[in-house]
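Participant: First, the structure itself, so that you have it in front of you.
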Amino acid sequence: MTWAVLRRRLFPGRAGTWRCTTTGGCRAGSTSCPRQGFPLTMLIGTACQPGFTGSLDDLVHEIFDGHWDMIGGALDGALTFFWPDEEWDYEAAPEGREACEAARWEQFSTMLTTAGFPVPTTVRDLSELFLTWGLARREEMPAALPLPGDLLPLDLELTERLDGIRWTMRTGPLLDTLVDHLVDDLGEPAETLTSLDRLAAATGRDVDDARLALAELVKSGDARVQRGEEPADAKSLEARRRFRPVMDWEHFHDNRIQVSRGD
C-alpha cells in the first residue's frame, strides 16, 4: 500500500501529529476498558508513524476505507465489552451476555466517575480520554507514562494482575536472554560454575539484570543456586562471588513453550 501524507489537522485550528504512549493495557473483554481500547491503541500507534499528520478519521479512511470491524465500524460506533457475534460461554458466565455487559459497564462507569472523568460511549470519546490521561498526545511524549492506578481507583485483584503483567514484561526479556545462553552457548548443562558478572558479560546485560533473570529462573522452579554444598539466595548474590546454577531441564521443558523460527 502506498501511504499518503495525512494533512488534515487533529483539531480545528491546531495542526498536530499524534504521538503514541500507550502500552497495550486496554484489552478486549477486560473489566478495565471496553474491547475497542486495544484496537484504538493500534490505530494511535499507526498515527504516530513519521510523516503522518491528521486525525484518526483520516487514518480509518486511509487504511480501512472508513470502516474497521475491530473498532465496531467507525470512530462514532458504540463501545462494548464483548464482540456482538462471539459465542457465549454460559459455563464461565451463566448470567448471559446482556447481564455481563451491564455489569462491566457499571464497574467501568463507577471507576471513571469516582476519579472525576467522563464516561465515554464511543470510540472517539475513548480517544479523547486517552488524550486526557496522557496515554496519547500531540508533538511531545512524556518521560514516564502514568500507571492505571495513577488515573483510576482500581480494585486489589486488578491492581495485582496489572502489576504481574508489568513485572513479566520487565523480567521476560532478561530471562529469555539467560536461557538462550544456557541452552545455545552452554548446551543445557546440569550445572555450571559462574558468577553474576560472568553471566552479565555473556548475555550482554548488567549485573542487576543477570541477578534478576537468575532469580526468576529459580522462582519458576527451573533451577536452584548452590554455593559449595549450601543453597544460596539468587537475589542476594554478589557480582564476583562464584556459585553454581543447578538446572532442572525436565521441569524446564515440561513447563515452557518453545518457538522455532526459520531463517
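Residue numbering restarts at 1 for every chain of the C-alpha cells, chains are lettered A, B, ... in their displayed order, and ligands are numbered from 1 as they appear.
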Would you please give, as a ChimeraX atom specification, all residues of stretch 138-236 of chain A that DSSP assigns to strand (DSSP E) based on the backbone?
Facilitator: /A:138,223-227,230-231
Participant: Find the residues near A:Trp105: any atom within 12 Å, counting only C-alpha atoms, skip ones fewer than 4 places away on the same chain, and give them as a PyMOL selection string.
Facilitator: chain A and resi 29-35+79-82+98-101+109-113+119-121
Participant: Mind dumping a table of every stretch 84-193 of chain A residue within 12 Å of stretch 197-200 of chain A, with the nearest atom pair and its distance in Å to one decimal, using only C-alpha atoms, sorted by chain and rising number, as a Markdown table?
Facilitator:
```
| residue | atom | partner | partner_atom | distance |
| --- | --- | --- | --- | --- |
| A:Leu174 | CA | A:Ala200 | CA | 10.3 |
| A:Leu175 | CA | A:Leu199 | CA | 11.7 |
| A:Thr177 | CA | A:Ala200 | CA | 10.1 |
| A:Leu178 | CA | A:Leu199 | CA | 7.8 |
| A:Val179 | CA | A:Leu199 | CA | 10.9 |
| A:Asp180 | CA | A:Leu199 | CA | 11.6 |
| A:His181 | CA | A:Leu199 | CA | 8.6 |
| A:Leu182 | CA | A:Leu199 | CA | 9.8 |
| A:Asp185 | CA | A:Leu199 | CA | 11.5 |
| A:Leu186 | CA | A:Leu199 | CA | 11.6 |
| A:Thr192 | CA | A:Leu199 | CA | 11.0 |
| A:Leu193 | CA | A:Arg198 | CA | 9.9 |
```
Participant: Can you list every residue in stretch 18-136 of chain A that DSSP puts in helix (DSSP H, G or I), as a VMD selection string?
Facilitator: chain A and resid 37 to 47 56 to 64 69 to 71 97 to 114 123 to 133
Participant: Give me, as a ChimeraX atom specification, all polymer residues having an atom no more than 12 Å from A:Leu196, counting only C-alpha atoms and skipping those fewer than 6 positions away in the same chain.
Facilitator: /A:178,202-215,225,234-245
